[in-house]
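Asker: Take this structure, written in structure tokens, and hold onto it; I'll ask about it next.
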Amino acid sequence: MAANKKLLDSVTPLMVSKCSFDKTGLNFNVFLSPDDIPTAAKEMLRKEYYLEDIDAVDVVEGFLITYHYARFESAERVAHRVMVTHAEPVVPTISDIYQGADWHERECTDFHAIKFSGHPNLIPLLLDPDTPQGVLLKTDKSRKPLRDLIDFGESVFTTDGFTPFDEAQADLKEPK
């Protein structure tokens, strides 16, 4: 599959979708397993993408952590996305690959209590050290399903059995 090969040669994505740049500001969404994030980041650096930011969204399914990459030479933007559970919100750091990730990972820890394993300096960045981590955590009742928040575009490739959505939530909304 061409898009998969073009975007990442070093890892197998869980899902790749082509996006409408005019609508989303992205060319591709690439879902990865947490363990593949550092390898994918190294490949993006090798392909001369820079890291714009890392953010997290607290949704029904867990935390969606998004790494936005772009290029200076062309209007290409790619999002690497990974889902982690509320019970175990851990992702490997990429701060040793992209120095700017240090700030973004610390911010995600401050606000969502997400841990970035291997991070050398995961101390509070924006909040007082006495403030509990995860101040932006939502209650179960206030979380929205991922499908209500993000347009993933047109699927180009999906690993058998993978879905970023909570299918139980879909059953509640879709008539049978």
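Order determines the names: the first chain of the structure tokens is A, the second B, and so forth; residues in each chain are numbered 1 upward, and ligands are numbered 1 upward as they are shown.
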Could you write out, as an NGL selection string, all the residues of chain A that DSSP marks as helix (DSSP H, G or I)?

Answerer: :A and (2-7 or 21-24 or 34-46 or 101-112 or 140-142 or 146-148 or 167-173)

Asker: Near Gln133 (chain A), within 9 Å and counting only C-alpha atoms, which residues show up once chain neighbours fewer than 4 positions away are dropped, as a ChimeraX atom specification?

Answerer: /A:109-114,124,127,129

Asker: Could the residues in this selection be saved with C-alpha atoms as a PDB file, in the first residue's frame?

Answerer:
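Output file part_8.pdb is given in full below:
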ATOM      1  CA  THR A 109       2.150  15.390  32.154  1.00  0.00           C
ATOM      2  CA  ASP A 110       1.134  18.587  33.983  1.00  0.00           C
ATOM      3  CA  PHE A 111      -2.358  18.680  32.560  1.00  0.00           C
ATOM      4  CA  HIS A 112      -3.266  15.023  31.918  1.00  0.00           C
ATOM      5  CA  ALA A 113      -0.869  12.998  34.141  1.00  0.00           C
ATOM      6  CA  ILE A 114       0.464  11.153  31.081  1.00  0.00           C
ATOM      7  CA  PRO A 124       6.212  20.291  36.268  1.00  0.00           C
ATOM      8  CA  LEU A 127       2.092  24.328  37.176  1.00  0.00           C
ATOM      9  CA  PRO A 129       5.132  21.546  41.775  1.00  0.00           C
TER      10      PRO A 129
END

Asker: Do you know which residues are at most 8 Å from Ala79 (chain A) counting only C-alpha atoms, after dropping those on the same chain fewer than 2 positions away, and could you put them as number ranges by chain?

Answerer: A: 26, 28-30, 66-69, 77, 81

Asker: What's around Ala56 (chain A) at 8 Å? Count only C-alpha atoms, leave out sequence neighbours fewer than 2 positions away in its own chain, and write the answer as a count of residues only.

Answerer: 8

Asker: Quick one: everything within 6 Å of Val90 (chain A), counting only C-alpha atoms, minus sequence neighbours fewer than 2 positions away in the same chain. Send it as a PyMOL selection string.

Answerer: chain A and resi 88+114-116

Asker: Write the residues of the selection above to a file with N, CA and C atoms, as a short mmCIF file (atom, residue, chain, number, x, y, z; two decimals), in the first residue's frame.

Answerer:
data_model
loop_
_atom_site.label_atom_id
_atom_site.label_comp_id
_atom_site.auth_asym_id
_atom_site.auth_seq_id
_atom_site.Cartn_x
_atom_site.Cartn_y
_atom_site.Cartn_z
N GLU A 88 -3.50 3.31 32.46
CA GLU A 88 -2.04 3.24 32.27
C GLU A 88 -1.61 4.19 31.15
N ILE A 114 -0.10 12.15 32.00
CA ILE A 114 0.46 11.15 31.08
C ILE A 114 1.96 11.06 31.36
N LYS A 115 2.46 9.85 31.47
CA LYS A 115 3.88 9.63 31.72
C LYS A 115 4.60 9.32 30.42
N PHE A 116 5.76 9.92 30.24
CA PHE A 116 6.59 9.67 29.06
C PHE A 116 7.83 8.93 29.55
#

Asker: Write out as a tab-separated table a residue-level contact list of region 19-122 of chain A versus region 152-167 of chain A with cut-off 7 Å: for each qualifying residue the closest pair of atoms and the distance in Å to one decimal, counting only C-alpha atoms, rows sorted by chain and residue number upward.

Answerer:
residue	atom	partner	partner_atom	distance
A:Cys19	CA	A:Gly153	CA	4.4
A:Ser20	CA	A:Gly153	CA	6.8
A:Asn29	CA	A:Phe152	CA	6.6
A:Glu61	CA	A:Asp166	CA	5.7

Asker: Measuring atom to atom with only C-alpha atoms, identify which of A:Trp103, A:Val78, A:Val57, A:Asp9 is nearest to Asn27 (chain A).

Answerer: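 When distances to Asn27 (chain A) are compared using only C-alpha atoms, the smallest one comes from A:Val78.
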
Asker: Neighbouring residues of Val11 (chain A) were defined as those with any atom within 10 Å, considering only C-alpha atoms; residues of the same chain fewer than 4 positions away were excluded. Please report them as an MDAnalysis selection string.

Answerer: chainID A and resid 4:5 7 32:33 35:37 39:40 43

Asker: Using N, CA and C atoms, can you export the residues from the last selection as a JSON list (two decimals), in the first residue's frame?

Answerer:
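again.json, written as the output of this step:
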[["chain", "number", "residue", "atom", "x", "y", "z"],
["A", 4, "ASN", "N", 1.23, 3.90, 3.09],
["A", 4, "ASN", "CA", 1.91, 3.30, 4.22],
["A", 4, "ASN", "C", 3.42, 3.28, 3.96],
["A", 5, "LYS", "N", 3.84, 2.85, 2.80],
["A", 5, "LYS", "CA", 5.26, 2.78, 2.45],
["A", 5, "LYS", "C", 5.88, 4.16, 2.39],
["A", 7, "LEU", "N", 4.93, 6.97, 3.95],
["A", 7, "LEU", "CA", 4.98, 7.67, 5.22],
["A", 7, "LEU", "C", 5.97, 7.06, 6.20],
["A", 32, "LEU", "N", -0.47, 4.70, 15.54],
["A", 32, "LEU", "CA", 0.64, 3.81, 15.87],
["A", 32, "LEU", "C", 0.44, 3.20, 17.25],
["A", 33, "SER", "N", 1.13, 2.12, 17.51],
["A", 33, "SER", "CA", 1.15, 1.59, 18.87],
["A", 33, "SER", "C", 2.14, 2.46, 19.66],
["A", 35, "ASP", "N", 4.66, 1.78, 21.49],
["A", 35, "ASP", "CA", 6.06, 1.36, 21.36],
["A", 35, "ASP", "C", 6.70, 1.81, 20.05],
["A", 36, "ASP", "N", 5.90, 2.11, 19.03],
["A", 36, "ASP", "CA", 6.43, 2.52, 17.73],
["A", 36, "ASP", "C", 6.69, 4.02, 17.62],
["A", 37, "ILE", "N", 6.28, 4.79, 18.61],
["A", 37, "ILE", "CA", 6.42, 6.25, 18.54],
["A", 37, "ILE", "C", 7.88, 6.70, 18.36],
["A", 39, "THR", "N", 10.54, 5.12, 17.13],
["A", 39, "THR", "CA", 11.05, 4.70, 15.82],
["A", 39, "THR", "C", 10.45, 5.57, 14.72],
["A", 40, "ALA", "N", 9.15, 5.84, 14.81],
["A", 40, "ALA", "CA", 8.48, 6.69, 13.82],
["A", 40, "ALA", "C", 9.03, 8.11, 13.88],
["A", 43, "GLU", "N", 12.31, 8.33, 12.10],
["A", 43, "GLU", "CA", 12.11, 8.31, 10.65],
["A", 43, "GLU", "C", 11.64, 9.67, 10.15]]

Asker: Which of these residues is nearest to Leu45 (chain A), using only C-alpha atoms: A:Leu136, A:Ile97, A:Ala87, A:Ile123?

Answerer: A:Ile97

Asker: Using only C-alpha atoms, can you tell me which of A:Glu52, A:Leu137, A:Glu73, A:Pro34 comes closest to Val91 (chain A)?

Answerer: A:Pro34

Asker: Could you please write out, as a PyMOL selection string, every residue of chain A that DSSP assigns to strand (DSSP E or B)?

Answerer: chain A and resi 15-18+28-31+50-59+62-70+77-84+90-92+115-117+154-158

Asker: Would you compute the distance between CA of Met83 (chain A) and CA of Phe31 (chain A)? Give it in Å to one decimal.

Answerer: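 Pair CA of Met83 (chain A) / CA of Phe31 (chain A) returns 8.2 Å.
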
Asker: In Å, how far is it from CA of Lys42 (chain A) to CA of Asp55 (chain A)?

Answerer: 18.6 Å

Asker: For the atom pair CA of Asp22 (chain A) and CA of Phe72 (chain A), what is the interatomic distance in Å to one decimal place?

Answerer: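 About the pair CA of Asp22 (chain A) and CA of Phe72 (chain A): they are 18.1 Å apart.
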